[in-house]
Structures are given as structure tokens and as C-alpha cells.
file protein-v1.csv (CSV, C-alpha atoms and all ligand atoms)
chain,number,residue,atom,x,y,z
A,1162,MET,CA,-13.2,-3.1,-34.5
A,1163,ALA,CA,-15.3,-0.9,-32.1
A,1164,ALA,CA,-17.9,-3.7,-31.9
A,1165,LEU,CA,-15.2,-6.3,-31.1
A,1166,ARG,CA,-13.8,-4.1,-28.4
A,1167,VAL,CA,-17.3,-3.7,-26.8
A,1168,THR,CA,-17.8,-7.5,-26.9
A,1169,VAL,CA,-14.4,-8.1,-25.3
A,1170,GLN,CA,-15.2,-5.5,-22.6
A,1171,LYS,CA,-18.6,-7.1,-22.0
A,1172,LEU,CA,-16.9,-10.5,-21.6
A,1173,LEU,CA,-14.4,-9.0,-19.1
A,1174,GLN,CA,-17.2,-7.2,-17.2
A,1175,ALA,CA,-19.0,-10.5,-16.9
A,1176,ARG,CA,-15.8,-12.0,-15.5
A,1177,SER,CA,-15.5,-9.1,-13.1
A,1178,ALA,CA,-18.8,-10.0,-11.6
A,1179,VAL,CA,-17.2,-13.3,-10.6
A,1180,SER,CA,-13.9,-12.0,-9.3
A,1181,PRO,CA,-13.3,-8.6,-7.8
A,1182,LEU,CA,-9.8,-8.8,-9.1
A,1183,LEU,CA,-11.0,-8.4,-12.6
A,1184,ALA,CA,-13.2,-5.4,-11.8
A,1185,VAL,CA,-11.7,-3.3,-14.5
A,1186,PRO,CA,-11.3,-4.6,-18.0
A,1187,ALA,CA,-7.7,-5.7,-18.7
A,1188,LEU,CA,-7.9,-3.6,-21.9
A,1189,SER,CA,-7.7,-0.4,-19.8
A,1190,ARG,CA,-5.2,-1.7,-17.2
A,1191,ALA,CA,-2.0,-0.2,-18.7
A,1192,CYS,CA,-3.8,3.1,-19.0
A,1193,HIS,CA,-5.6,4.8,-16.2
A,1194,HIS,CA,-6.7,8.4,-15.7
A,1195,GLY,CA,-5.0,9.1,-19.1
A,1196,HIS,CA,-1.6,7.8,-17.8
A,1197,HIS,CA,0.2,5.0,-19.5
A,1198,PHE,CA,1.9,2.6,-17.2
A,1199,GLU,CA,4.7,0.2,-18.1
A,1200,TYR,CA,5.6,-1.4,-14.8
A,1201,ILE,CA,2.3,-1.4,-12.9
A,1202,ASN,CA,-1.3,-2.3,-13.4
A,1203,VAL,CA,-3.8,0.3,-12.1
A,1204,SER,CA,-7.5,-0.3,-11.7
A,1205,LYS,CA,-10.5,0.1,-9.4
A,1206,ALA,CA,-12.0,-2.7,-7.4
A,1207,GLY,CA,-14.9,-3.4,-5.0
A,1208,GLU,CA,-18.6,-3.5,-5.5
A,1209,LYS,CA,-18.7,0.3,-5.5
A,1210,GLN,CA,-15.4,0.7,-7.4
A,1211,ASN,CA,-14.1,2.7,-4.4
A,1212,VAL,CA,-10.9,0.7,-3.9
A,1213,GLY,CA,-7.8,1.8,-5.9
A,1214,MET,CA,-5.6,-1.1,-7.0
A,1215,ILE,CA,-1.9,-0.8,-7.8
A,1216,GLU,CA,-0.3,-4.1,-8.9
A,1217,LEU,CA,3.5,-4.0,-9.3
A,1218,ASN,CA,4.0,-5.8,-12.6
A,1219,ARG,CA,7.6,-6.4,-13.5
A,1220,PRO,CA,7.6,-10.2,-12.9
A,1221,LYS,CA,10.9,-10.9,-14.9
A,1222,ALA,CA,12.8,-8.9,-12.3
A,1223,LEU,CA,10.6,-10.0,-9.3
A,1224,ASN,CA,9.1,-6.5,-9.3
A,1225,ALA,CA,12.4,-4.9,-8.5
A,1226,LEU,CA,11.7,-1.2,-7.8
A,1227,CYS,CA,13.4,0.6,-10.6
A,1228,ASP,CA,13.1,4.4,-10.9
A,1229,GLY,CA,10.5,4.0,-13.6
A,1230,LEU,CA,8.3,1.8,-11.5
A,1231,MET,CA,8.5,4.0,-8.4
A,1232,GLY,CA,7.7,7.0,-10.6
A,1233,GLU,CA,4.6,5.2,-11.8
A,1234,VAL,CA,3.5,4.3,-8.3
A,1235,LYS,CA,3.8,8.0,-7.3
A,1236,THR,CA,1.6,9.0,-10.3
A,1237,ALA,CA,-1.0,6.3,-9.5
A,1238,LEU,CA,-1.2,7.4,-5.9
A,1239,GLU,CA,-1.7,11.0,-6.9
A,1240,ASP,CA,-4.5,9.9,-9.2
A,1241,PHE,CA,-6.2,7.9,-6.5
A,1242,GLU,CA,-5.7,10.7,-3.9
A,1243,ALA,CA,-7.5,13.1,-6.3
A,1244,ASP,CA,-10.3,10.6,-7.1
A,1245,LYS,CA,-13.3,11.4,-4.9
A,1246,GLU,CA,-14.7,7.9,-5.3
A,1247,VAL,CA,-11.7,6.1,-3.9
A,1248,GLY,CA,-11.6,5.6,-0.2
A,1249,CYS,CA,-8.7,3.1,0.2
A,1250,ILE,CA,-5.8,1.8,-1.9
A,1251,VAL,CA,-4.4,-1.7,-2.1
A,1252,LEU,CA,-0.8,-2.3,-3.2
A,1253,THR,CA,0.2,-5.8,-4.3
A,1254,GLY,CA,2.5,-7.6,-6.7
A,1255,SER,CA,1.6,-9.6,-9.8
A,1256,GLY,CA,1.9,-13.4,-9.6
A,1257,GLN,CA,2.7,-15.3,-6.4
A,1258,LYS,CA,6.5,-15.1,-6.3
A,1259,ALA,CA,7.2,-11.5,-5.4
A,1260,PHE,CA,5.7,-8.4,-3.9
A,1261,ALA,CA,9.0,-6.7,-4.6
A,1262,ALA,CA,12.5,-8.1,-4.3
A,1263,GLY,CA,13.9,-4.7,-3.5
A,1264,ALA,CA,15.3,-1.7,-5.2
A,1265,ASP,CA,16.7,-2.5,-8.6
A,1266,ILE,CA,20.2,-3.7,-7.8
A,1267,LYS,CA,21.3,-3.6,-11.5
A,1268,GLU,CA,20.3,0.0,-11.7
A,1269,MET,CA,21.9,0.9,-8.4
A,1270,SER,CA,25.2,-1.0,-9.0
A,1271,ILE,CA,26.6,1.8,-11.2
A,1272,ARG,CA,25.6,4.7,-9.1
A,1273,LYS,CA,28.2,6.9,-7.4
A,1274,PHE,CA,28.1,8.8,-4.1
A,1275,GLN,CA,27.9,12.2,-5.7
A,1276,GLU,CA,25.0,11.0,-7.8
A,1277,VAL,CA,22.9,9.4,-5.0
A,1278,PHE,CA,23.7,12.2,-2.5
A,1279,GLY,CA,23.4,15.1,-4.9
A,1280,GLY,CA,20.3,13.8,-6.5
A,1281,ASN,CA,18.7,12.7,-3.2
A,1282,PHE,CA,18.2,9.2,-4.5
A,1283,LEU,CA,15.0,7.6,-3.3
A,1284,SER,CA,13.5,10.9,-2.2
A,1285,ASN,CA,10.4,10.2,-4.3
A,1286,TRP,CA,9.7,6.9,-2.5
A,1287,SER,CA,8.4,8.7,0.6
A,1288,HIS,CA,5.3,9.7,-1.3
A,1289,LEU,CA,3.8,6.4,-0.3
A,1290,ALA,CA,4.2,7.1,3.4
A,1291,ASP,CA,2.6,10.6,2.9
A,1292,THR,CA,-0.7,9.6,1.3
A,1293,THR,CA,-3.8,10.8,3.0
A,1294,LYS,CA,-5.9,7.8,2.0
A,1295,PRO,CA,-5.2,4.5,3.7
A,1296,VAL,CA,-3.0,2.0,1.8
A,1297,ILE,CA,-3.1,-1.7,2.4
A,1298,ALA,CA,-0.1,-3.7,1.3
A,1299,ALA,CA,-1.1,-7.2,0.2
A,1300,VAL,CA,2.3,-9.0,0.3
A,1301,ASN,CA,2.0,-12.0,-2.0
A,1302,GLY,CA,5.7,-13.2,-2.1
A,1303,TYR,CA,9.2,-11.8,-1.5
A,1304,ALA,CA,9.2,-8.4,0.3
A,1305,LEU,CA,12.9,-7.8,0.5
A,1306,GLY,CA,15.0,-4.6,1.0
A,1307,GLY,CA,13.0,-1.8,-0.6
A,1308,GLY,CA,10.1,-4.2,-1.0
A,1309,CYS,CA,9.8,-4.7,2.7
A,1310,GLU,CA,10.3,-0.9,3.2
A,1311,ILE,CA,7.4,0.1,0.8
A,1312,ALA,CA,5.2,-2.5,2.5
A,1313,MET,CA,6.0,-0.8,5.9
A,1314,MET,CA,5.2,2.6,4.4
A,1315,CYS,CA,1.6,1.3,4.0
A,1316,ASP,CA,-0.9,1.5,6.8
A,1317,ILE,CA,-1.8,-2.2,7.0
A,1318,ILE,CA,0.1,-5.2,5.9
A,1319,TYR,CA,-1.7,-8.4,4.9
A,1320,ALA,CA,0.5,-11.3,3.8
A,1321,SER,CA,0.1,-14.6,1.9
A,1322,GLU,CA,1.3,-17.7,3.6
A,1323,LYS,CA,4.2,-17.6,1.0
A,1324,ALA,CA,5.4,-14.1,1.8
A,1325,ARG,CA,8.9,-13.5,3.1
A,1326,PHE,CA,10.1,-10.3,4.7
A,1327,GLY,CA,13.7,-9.3,4.9
A,1328,GLN,CA,16.3,-6.5,4.8
A,1329,PRO,CA,19.2,-8.2,2.9
A,1330,GLU,CA,21.0,-5.0,2.1
A,1331,ILE,CA,23.9,-5.9,4.4
A,1332,ALA,CA,24.9,-8.7,2.0
A,1333,LEU,CA,25.2,-6.1,-0.8
A,1334,GLY,CA,27.5,-3.9,1.2
A,1335,THR,CA,24.9,-1.3,2.1
A,1336,ILE,CA,22.1,-0.7,4.6
A,1337,PRO,CA,18.4,-0.2,4.3
A,1338,GLY,CA,17.7,3.3,2.8
A,1339,ALA,CA,14.0,3.7,2.8
A,1340,GLY,CA,13.0,3.3,6.5
A,1341,GLY,CA,14.1,-0.3,7.1
A,1342,THR,CA,16.1,0.4,10.2
A,1343,GLN,CA,13.4,2.7,11.6
A,1344,ARG,CA,10.0,1.4,10.7
A,1345,LEU,CA,11.0,-2.3,11.1
A,1346,THR,CA,12.4,-1.5,14.6
A,1347,ARG,CA,9.2,0.3,15.6
A,1348,ALA,CA,7.1,-2.6,14.2
A,1349,VAL,CA,8.9,-5.7,15.6
A,1350,GLY,CA,11.2,-4.3,18.4
A,1351,LYS,CA,14.9,-3.9,18.5
A,1352,SER,CA,16.2,-7.5,18.8
A,1353,LEU,CA,14.4,-9.0,15.8
A,1354,ALA,CA,14.9,-5.9,13.7
A,1355,MET,CA,18.6,-5.9,14.5
A,1356,GLU,CA,18.8,-9.6,13.7
A,1357,MET,CA,17.2,-9.1,10.3
A,1358,VAL,CA,19.2,-6.1,9.4
A,1359,LEU,CA,22.6,-7.5,10.5
A,1360,THR,CA,22.1,-11.1,9.2
A,1361,GLY,CA,20.2,-10.1,6.1
A,1362,LEU,CA,18.0,-13.3,6.6
A,1363,PRO,CA,14.3,-13.1,5.9
A,1364,ILE,CA,11.4,-14.1,8.1
A,1365,THR,CA,8.2,-16.0,7.1
A,1366,ALA,CA,4.7,-14.5,7.0
A,1367,GLN,CA,3.8,-16.4,10.2
A,1368,GLU,CA,6.9,-15.0,12.0
A,1369,ALA,CA,6.0,-11.5,10.7
A,1370,GLN,CA,2.5,-11.8,12.0
A,1371,GLN,CA,3.7,-13.0,15.4
A,1372,ALA,CA,6.1,-10.1,15.6
A,1373,GLY,CA,3.4,-7.6,14.7
A,1374,LEU,CA,4.7,-6.6,11.3
A,1375,VAL,CA,1.7,-8.1,9.6
A,1376,SER,CA,-1.9,-8.1,10.8
A,1377,LYS,CA,-3.4,-11.0,8.9
A,1378,VAL,CA,-2.1,-14.0,6.9
A,1379,PHE,CA,-4.1,-15.7,4.2
A,1380,PRO,CA,-3.8,-18.6,1.7
A,1381,PRO,CA,-2.3,-17.1,-1.5
A,1382,ASP,CA,-5.5,-17.2,-3.5
A,1383,GLN,CA,-7.5,-15.3,-0.9
A,1384,LEU,CA,-5.0,-12.6,-0.1
A,1385,VAL,CA,-6.0,-9.9,-2.6
A,1386,SER,CA,-9.8,-10.4,-2.2
A,1387,GLU,CA,-9.4,-10.2,1.6
A,1388,ALA,CA,-7.4,-7.0,1.2
A,1389,ILE,CA,-10.1,-5.6,-1.1
A,1390,LYS,CA,-12.8,-6.6,1.4
A,1391,ALA,CA,-11.0,-4.7,4.2
A,1392,ALA,CA,-10.4,-1.7,1.8
A,1393,GLU,CA,-14.1,-1.6,1.0
A,1394,LYS,CA,-15.0,-1.6,4.7
A,1395,ILE,CA,-12.6,1.4,5.2
A,1396,ALA,CA,-14.0,3.1,2.1
A,1397,SER,CA,-17.5,2.8,3.5
A,1398,HIS,CA,-16.7,5.2,6.3
A,1399,SER,CA,-16.3,9.0,6.0
A,1400,LYS,CA,-13.1,9.8,4.1
A,1401,LEU,CA,-12.6,12.9,6.1
A,1402,VAL,CA,-12.8,11.1,9.4
A,1403,VAL,CA,-10.7,8.1,8.1
A,1404,ALA,CA,-8.0,10.6,7.2
A,1405,MET,CA,-8.2,12.0,10.8
A,1406,ALA,CA,-7.9,8.5,12.3
A,1407,LYS,CA,-5.0,7.6,10.1
A,1408,GLU,CA,-3.2,10.8,11.0
A,1409,ALA,CA,-3.7,10.2,14.7
A,1410,VAL,CA,-2.4,6.6,14.6
A,1411,ASN,CA,0.6,7.7,12.5
A,1412,ALA,CA,1.3,10.5,15.1
A,1413,SER,CA,2.0,7.8,17.7
A,1414,GLN,CA,5.1,6.9,15.7
A,1415,GLU,CA,6.5,10.4,15.9
A,1416,MET,CA,5.4,11.9,19.2
A,1417,THR,CA,5.7,11.3,23.0
A,1418,LEU,CA,2.7,9.8,24.6
A,1419,ARG,CA,1.6,13.1,26.1
A,1420,GLU,CA,1.9,14.9,22.8
A,1421,GLY,CA,0.2,12.1,20.9
A,1422,VAL,CA,-2.8,11.9,23.3
A,1423,HIS,CA,-3.2,15.7,23.1
A,1424,PHE,CA,-3.0,15.6,19.3
A,1425,GLU,CA,-5.6,12.8,19.2
A,1426,LYS,CA,-7.9,14.7,21.5
A,1427,ARG,CA,-7.8,17.8,19.3
A,1428,LEU,CA,-8.6,15.7,16.2
A,1429,PHE,CA,-11.4,14.0,18.1
A,1430,HIS,CA,-12.7,17.5,19.0
A,1431,ALA,CA,-12.4,18.6,15.4
A,1432,SER,CA,-14.5,15.6,14.2
A,1433,PHE,CA,-17.4,17.4,16.0
A,1434,ALA,CA,-17.2,20.1,13.3
A,1435,THR,CA,-18.0,17.6,10.6
A,1436,ASN,CA,-21.4,16.7,9.1
A,1437,ASP,CA,-20.3,13.1,9.1
A,1438,ARG,CA,-19.9,13.0,12.9
A,1439,LYS,CA,-23.4,14.4,13.2
A,1440,GLU,CA,-24.7,11.9,10.7
A,1441,GLY,CA,-22.9,8.9,12.2
A,1442,MET,CA,-24.3,9.6,15.7
A,1443,ALA,CA,-27.8,10.5,14.4
A,1444,ALA,CA,-27.9,7.3,12.4
A,1445,PHE,CA,-27.0,5.2,15.4
A,1446,VAL,CA,-29.8,6.9,17.5
A,1447,GLU,CA,-32.3,6.5,14.7
A,1448,LYS,CA,-31.3,2.9,14.1
A,1449,ARG,CA,-30.4,3.4,10.4
A,1450,LYS,CA,-27.3,3.1,8.2
A,1451,ALA,CA,-25.2,6.3,8.1
A,1452,GLU,CA,-25.0,8.2,4.8
A,1453,PHE,CA,-21.6,9.9,4.9
A,1454,THR,CA,-20.9,12.8,2.6
A,1455,ASP,CA,-17.2,13.3,3.4
A,1456,SER,CA,-17.9,16.7,4.8
B,1501,LIG,C1,17.2,-6.3,-9.8
B,1501,LIG,C2,16.5,-8.4,-9.4
B,1501,LIG,C3,16.3,-8.2,-8.1
B,1501,LIG,C4,16.6,-6.9,-7.6
B,1501,LIG,C5,15.7,-10.2,-8.4
B,1501,LIG,N1,16.1,-9.7,-9.6
B,1501,LIG,N2,15.8,-9.3,-7.5
B,1501,LIG,N3,16.9,-7.5,-10.3
B,1501,LIG,N4,17.1,-6.0,-8.5
B,1501,LIG,N5,16.5,-6.5,-6.3
B,1501,LIG,C6,16.1,-10.4,-10.9
B,1501,LIG,C7,17.2,-11.4,-11.0
B,1501,LIG,O1,18.4,-10.7,-11.4
B,1501,LIG,C8,16.7,-12.3,-12.1
B,1501,LIG,O2,16.8,-11.7,-13.4
B,1501,LIG,C9,15.2,-12.4,-11.8
B,1501,LIG,O3,14.9,-11.2,-11.0
B,1501,LIG,C10,14.8,-13.6,-11.0
B,1501,LIG,O4,15.6,-13.6,-9.8
B,1501,LIG,P1,16.4,-14.9,-9.4
B,1501,LIG,O5,17.5,-14.5,-8.5
B,1501,LIG,O6,16.8,-15.7,-10.6
B,1501,LIG,O7,15.3,-15.7,-8.6
B,1501,LIG,P2,15.4,-16.8,-7.4
B,1501,LIG,O8,16.6,-17.6,-7.6
B,1501,LIG,O9,14.1,-17.4,-7.2
B,1501,LIG,O10,15.8,-15.9,-6.1
B,1501,LIG,C11,14.8,-15.0,-5.6
B,1501,LIG,C12,15.5,-13.9,-4.7
B,1501,LIG,C13,16.7,-13.3,-5.3
B,1501,LIG,C14,15.9,-14.7,-3.4
B,1501,LIG,C15,14.4,-12.9,-4.3
B,1501,LIG,O11,16.3,-12.8,-6.6
B,1501,LIG,C16,17.3,-12.2,-4.6
B,1501,LIG,O12,18.0,-12.4,-3.6
B,1501,LIG,N6,17.1,-11.0,-5.0
B,1501,LIG,C17,17.7,-9.8,-4.4
B,1501,LIG,C18,17.1,-9.5,-3.1
B,1501,LIG,C19,17.8,-8.3,-2.5
B,1501,LIG,O13,19.0,-8.3,-2.2
B,1501,LIG,N7,17.0,-7.2,-2.3
B,1501,LIG,C20,17.5,-6.0,-1.7
B,1501,LIG,C21,17.9,-5.0,-2.8
B,1501,LIG,S1,18.7,-3.7,-2.2
B,1501,LIG,P3,17.9,-12.2,-14.5
B,1501,LIG,O14,17.6,-11.4,-15.7
B,1501,LIG,O15,19.3,-11.8,-13.9
B,1501,LIG,O16,17.7,-13.7,-14.6
B,1501,LIG,C22,17.5,-2.6,-1.7
B,1501,LIG,C23,18.0,-1.4,-1.2
B,1501,LIG,C24,17.0,-0.6,-0.5
B,1501,LIG,O17,16.4,-2.9,-1.8
B,1501,LIG,C25,17.5,0.7,-0.2
B,1501,LIG,C26,16.4,1.7,-0.2
B,1501,LIG,C27,15.3,1.4,-1.1

call {"tool": "encode", "arguments": {"input": "protein-v1.csv", "output": "C-alpha cells"}}
result
Amino acid sequence: MAALRVTVQKLLQARSAVSPLLAVPALSRACHHGHHFEYINVSKAGEKQNVGMIELNRPKALNALCDGLMGEVKTALEDFEADKEVGCIVLTGSGQKAFAAGADIKEMSIRKFQEVFGGNFLSNWSHLADTTKPVIAAVNGYALGGGCEIAMMCDIIYASEKARFGQPEIALGTIPGAGGTQRLTRAVGKSLAMEMVLTGLPITAQEAQQAGLVSKVFPPDQLVSEAIKAAEKIASHSKLVVAMAKEAVNASQEMTLREGVHFEKRLFHASFATNDRKEGMAAFVEKRKAEFTDS
């Protein structure tokens, strides 16, 4: 049995040399860092295995974000945050139909006010927006309601040509509850955000790119490999300084220009206390590749 397992792993490793998507043997996918996952696949990708992959995998419900799934995403993010090798995380959906079709409507339909208010329903979703390491959303299909909202909690959104973004909560008699009215408005401006939130109608990947919600659009079969490529590039830099850069860009969403520029300057000054700033500049002067130590 052990020999069979080794052979299967060898076969899968041979396949992983062909496709970065298969970088970790499928046998270990449901189990990562000792955690068993039911609704997501977790693995590492990239030549140096420095990209954390989280694939939402509840295809029968179009990856609807039930409590169990979001709890698993939180656990996987905590694992990758603690993993010194991982420099960037990619979040995507299994298959080509859905990234996530929203919060689980069947689960939500029976909830009462005192339950959602008293239990602070959705409070564990914000974890995604609070990660220190960058997260790239590779949106492969429907990103509706909570699906669009978790994509917007990520730092970069790449989309497949088939992706659709929308906030259809209004048709369910509710409103976006995980940042849809706030992050969408900041990303695409008031008129388009208001149109999407009030009509509930989705926009295409191309429209999302034009509006600034998405930075790049790819054919479906290239989406994840392109996201991994970008993640590898990010992971090749100093993790310490990447975290500073991410924090500075995110501050622009919360602060006045004067405060933001001051905050940026202070972080820029702080980077001079790091070994990696010294190394990066020395490497340029000496015409060699920088060897960052995340210190
Ligand atoms: C639970 C869902 C679901 C959801 C799809 N399914 N979306 N289950 N919650 N959000 C289930 C369907 O019930 C069905 O299962 C299966 O997935 C396939 O879906 P179909 O509707 O048959 O597929 P299709 O006809 O291709 O239509 C695709 C779709 C549609 C346009 C994406 O599924 C749809 O409109 N889904 C709901 C989208 C939505 O309103 N999202 C916002 C949710 S509210 P069964 O077993 O029944 O066949 C929200 C609130 C956010 O996100 C607030 C803060 C987080």
C-alpha cells in the first residue's frame, strides 16, 4: 500500500512539473498543515513552492460561501500567514462556472435578526481583508454577492473572460453585508456601484476591468497560471517590505491624502532599518541579484 502511494505521488509529481496547478499531489489536497478541509483545496504552487493556493471547492452549490467554507478559508489563511516560505496567496474557485455565487442563501434564509445581530454574523469574513501577506483573487466565473465581496477583500483581482461580478442582494430583499457598498464604490465610483447595488445586475469581466475593479483579464485556461506567475514575482521580494507596501496602499482607502502621504513616508523611512533595503540597493550597485532574508 505504501509502495502504491509512493508511485501515485511520483506520477502526480511528474504531472506537477508540467502544470503549476498540480504542484501538490492531489492526495494531500484535502489535508494541509494537519487540517482536514471539506469545502476547499489547499496547496502550494510555484517553482519555489512559495505561493499558497486556496481553491473554493463546493461546485454543486457554485461555491456558495457557507459558514463551514468561510471557517476553512480562515484556517488556511492563518496557516499560510504562519508559513515562512509563502510570500503570496492565490484565491480561486474550482471549475470554470463560479468563483463564488455568494453567501449561502439556503443557510441564511432561516436566520433571524437576533441571531445575525447577536452572533455578529459574517464577522469572521473580515479575516481575508486583514491578512498581512498579499492575496490575489483569480475570479474564474460568477463572483456574486459575498463572492464579489471576498474578491474585493483581496489585494489584486485577475479575472477570466467568463467572470461576472455583481451584488444581487437587493433581489433577495437585503443589501450587501461584507463591504459591497463600500469597497465596490471605492473601486468603480459611485454611479456604477449604485447601478449594480440597486439593479442587482452583474457586469462582465471586460466591464470590470474598464471600471478598475479588475487589473487583468485572461482566457479561462490561463487565469490561474497567470495569477501564480504574479504571486511568484511578489513572493520573490522581501516579505517584510511587501507587507509595508501593502499596508501603505491599503491606507489610501482609509485616510486623507495628507495623512496617507505622511504614513507612506514613515514606512519608507522605516524600510531603511531593514537588511533587505540595504541588500536591495547594494545588489543594484553591484549589478547582481538581491538575496532577501525578510529581515
Ligand atoms: C446557496 C446556491 C447559491 C447561493 C447557487 N446555489 N447560488 N446555493 N447559495 N448563493 C445553488 C443552487 O441552489 C443550485 O443548487 C446550484 O447552486 C446551481 O445553481 P443554479 O441556480 O441551478 O445555476 P444557474 O441556473 O446556472 O444559475 C447560476 C446563478 C444562480 C445565476 C449564479 O445560481 C444564482 O442567481 N445564484 C444566487 C446568486 C446570489 O443571489 N448571490 C448573492 C447571495 S446573497 P440546487 O441544489 O438547488 O440545484 C449574499 C449576501 C452577502 O451573498 C452578504 C454578505 C456576505

call {"tool": "residues_around", "arguments": {"input": "protein-v1.csv", "residues": "Ile1318 in chain A", "least_positions_apart": "4", "cutoff": "10 Å", "atoms": "all atoms listed in the file", "output": "list in words"}}
result
Val1251, Leu1252, Val1296, Ile1297, Ala1298, Ala1299, Val1300, Ala1312, Met1313, Met1314, Ala1369, Gln1370, Gly1373, Leu1374, Val1375, Ser1376, Lys1377, Val1378 and Ala1388 of chain A

call {"tool": "closest_atom_pairs", "arguments": {"input": "protein-v1.csv", "of": "chain A", "to": "ligand LIG 1501 (chain B)", "cutoff": "9 Å", "atoms": "only C-alpha atoms and all ligand atoms", "output": "tab-separated table"}}
result
residue	atom	partner	partner_atom	distance
A:Pro1220	CA	B:LIG1501	O3	7.6
A:Lys1221	CA	B:LIG1501	C9	5.5
A:Ala1222	CA	B:LIG1501	O3	3.4
A:Leu1223	CA	B:LIG1501	O3	4.8
A:Asn1224	CA	B:LIG1501	N2	7.5
A:Ala1225	CA	B:LIG1501	C4	4.7
A:Leu1226	CA	B:LIG1501	N4	7.3
A:Cys1227	CA	B:LIG1501	N4	7.9
A:Lys1258	CA	B:LIG1501	O9	8.0
A:Ala1259	CA	B:LIG1501	C15	7.4
A:Ala1261	CA	B:LIG1501	N5	7.7
A:Ala1262	CA	B:LIG1501	N5	4.7
A:Gly1263	CA	B:LIG1501	O17	3.5
A:Ala1264	CA	B:LIG1501	O17	3.8
A:Asp1265	CA	B:LIG1501	N4	3.5
A:Ile1266	CA	B:LIG1501	N4	3.9
A:Lys1267	CA	B:LIG1501	C1	5.2
A:Glu1268	CA	B:LIG1501	C1	7.3
A:Met1269	CA	B:LIG1501	S1	8.4
A:Phe1282	CA	B:LIG1501	C26	8.8
A:Leu1283	CA	B:LIG1501	C27	6.6
A:Trp1286	CA	B:LIG1501	C27	8.0
A:Gly1302	CA	B:LIG1501	C15	9.0
A:Tyr1303	CA	B:LIG1501	C15	6.0
A:Ala1304	CA	B:LIG1501	C15	8.3
A:Leu1305	CA	B:LIG1501	N7	5.0
A:Gly1306	CA	B:LIG1501	O17	3.6
A:Gly1307	CA	B:LIG1501	O17	3.8
A:Gly1308	CA	B:LIG1501	O17	6.5
A:Cys1309	CA	B:LIG1501	O17	8.2
A:Glu1310	CA	B:LIG1501	C27	7.0
A:Ile1311	CA	B:LIG1501	C27	8.2
A:Gly1327	CA	B:LIG1501	N7	8.2
A:Gln1328	CA	B:LIG1501	C20	6.6
A:Pro1329	CA	B:LIG1501	O13	5.1
A:Glu1330	CA	B:LIG1501	S1	5.0
A:Ile1331	CA	B:LIG1501	O13	8.6
A:Ala1332	CA	B:LIG1501	O13	7.3
A:Leu1333	CA	B:LIG1501	O13	6.7
A:Thr1335	CA	B:LIG1501	C23	7.6
A:Ile1336	CA	B:LIG1501	C25	6.8
A:Pro1337	CA	B:LIG1501	C25	4.7
A:Gly1338	CA	B:LIG1501	C26	3.6
A:Ala1339	CA	B:LIG1501	C26	4.3
A:Gly1340	CA	B:LIG1501	C26	7.7
A:Gly1341	CA	B:LIG1501	C26	7.9
A:Gly1361	CA	B:LIG1501	O13	8.6

call {"tool": "write_last_selection", "arguments": {"input": "protein-v1.csv", "atoms": "C-alpha atoms", "output": "short mmCIF file (atom, residue, chain, number, x, y, z; two decimals), in the frame of the given file"}}
result
data_model
loop_
_atom_site.label_atom_id
_atom_site.label_comp_id
_atom_site.auth_asym_id
_atom_site.auth_seq_id
_atom_site.Cartn_x
_atom_site.Cartn_y
_atom_site.Cartn_z
CA PRO A 1220 7.60 -10.20 -12.90
CA LYS A 1221 10.90 -10.90 -14.90
CA ALA A 1222 12.80 -8.90 -12.30
CA LEU A 1223 10.60 -10.00 -9.30
CA ASN A 1224 9.10 -6.50 -9.30
CA ALA A 1225 12.40 -4.90 -8.50
CA LEU A 1226 11.70 -1.20 -7.80
CA CYS A 1227 13.40 0.60 -10.60
CA LYS A 1258 6.50 -15.10 -6.30
CA ALA A 1259 7.20 -11.50 -5.40
CA ALA A 1261 9.00 -6.70 -4.60
CA ALA A 1262 12.50 -8.10 -4.30
CA GLY A 1263 13.90 -4.70 -3.50
CA ALA A 1264 15.30 -1.70 -5.20
CA ASP A 1265 16.70 -2.50 -8.60
CA ILE A 1266 20.20 -3.70 -7.80
CA LYS A 1267 21.30 -3.60 -11.50
CA GLU A 1268 20.30 0.00 -11.70
CA MET A 1269 21.90 0.90 -8.40
CA PHE A 1282 18.20 9.20 -4.50
CA LEU A 1283 15.00 7.60 -3.30
CA TRP A 1286 9.70 6.90 -2.50
CA GLY A 1302 5.70 -13.20 -2.10
CA TYR A 1303 9.20 -11.80 -1.50
CA ALA A 1304 9.20 -8.40 0.30
CA LEU A 1305 12.90 -7.80 0.50
CA GLY A 1306 15.00 -4.60 1.00
CA GLY A 1307 13.00 -1.80 -0.60
CA GLY A 1308 10.10 -4.20 -1.00
CA CYS A 1309 9.80 -4.70 2.70
CA GLU A 1310 10.30 -0.90 3.20
CA ILE A 1311 7.40 0.10 0.80
CA GLY A 1327 13.70 -9.30 4.90
CA GLN A 1328 16.30 -6.50 4.80
CA PRO A 1329 19.20 -8.20 2.90
CA GLU A 1330 21.00 -5.00 2.10
CA ILE A 1331 23.90 -5.90 4.40
CA ALA A 1332 24.90 -8.70 2.00
CA LEU A 1333 25.20 -6.10 -0.80
CA THR A 1335 24.90 -1.30 2.10
CA ILE A 1336 22.10 -0.70 4.60
CA PRO A 1337 18.40 -0.20 4.30
CA GLY A 1338 17.70 3.30 2.80
CA ALA A 1339 14.00 3.70 2.80
CA GLY A 1340 13.00 3.30 6.50
CA GLY A 1341 14.10 -0.30 7.10
CA GLY A 1361 20.20 -10.10 6.10
#

call {"tool": "closest_residue", "arguments": {"input": "protein-v1.csv", "among": "A:Leu1428, A:Ile1364, A:Val1277, A:Leu1384", "to": "Val1403 in chain A", "atoms": "all atoms listed in the file"}}
result
A:Leu1428

call {"tool": "atom_distance", "arguments": {"input": "protein-v1.csv", "atom1": "CA of Glu1447 in chain A", "atom2": "CA of Val1402 in chain A"}}
result
20.7 Å

call {"tool": "closest_residue", "arguments": {"input": "protein-v1.csv", "among": "A:Lys1245, A:Arg1219, A:Arg1419, A:Lys1205", "to": "Thr1454 in chain A", "atoms": "all atoms listed in the file"}}
result
A:Lys1245

call {"tool": "atom_distance", "arguments": {"input": "protein-v1.csv", "atom1": "CA of Glu1322 in chain A", "atom2": "CA of Gly1248 in chain A"}}
result
26.9 Å

call {"tool": "build_atoms", "arguments": {"input": "protein-v1.csv", "residues": "range 1202-1207 of chain A", "atoms": "N, CA, C and O atoms", "output": "CSV table (one decimal), keeping the file's coordinate frame"}}
result
chain,number,residue,atom,x,y,z
A,1202,ASN,N,0.0,-2.3,-12.9
A,1202,ASN,CA,-1.3,-2.3,-13.4
A,1202,ASN,C,-2.2,-1.5,-12.4
A,1202,ASN,O,-2.0,-1.7,-11.2
A,1203,VAL,N,-3.0,-0.6,-12.9
A,1203,VAL,CA,-3.8,0.3,-12.1
A,1203,VAL,C,-5.3,0.1,-12.4
A,1203,VAL,O,-5.6,0.0,-13.6
A,1204,SER,N,-6.1,-0.1,-11.4
A,1204,SER,CA,-7.5,-0.3,-11.7
A,1204,SER,C,-8.3,0.0,-10.4
A,1204,SER,O,-7.7,0.4,-9.4
A,1205,LYS,N,-9.6,-0.1,-10.6
A,1205,LYS,CA,-10.5,0.1,-9.4
A,1205,LYS,C,-11.2,-1.2,-9.1
A,1205,LYS,O,-11.6,-1.9,-10.0
A,1206,ALA,N,-11.4,-1.5,-7.8
A,1206,ALA,CA,-12.0,-2.7,-7.4
A,1206,ALA,C,-13.1,-2.5,-6.4
A,1206,ALA,O,-13.3,-1.3,-5.9
A,1207,GLY,N,-13.8,-3.5,-6.0
A,1207,GLY,CA,-14.9,-3.4,-5.0
A,1207,GLY,C,-16.2,-3.2,-5.7
A,1207,GLY,O,-16.3,-2.7,-6.8
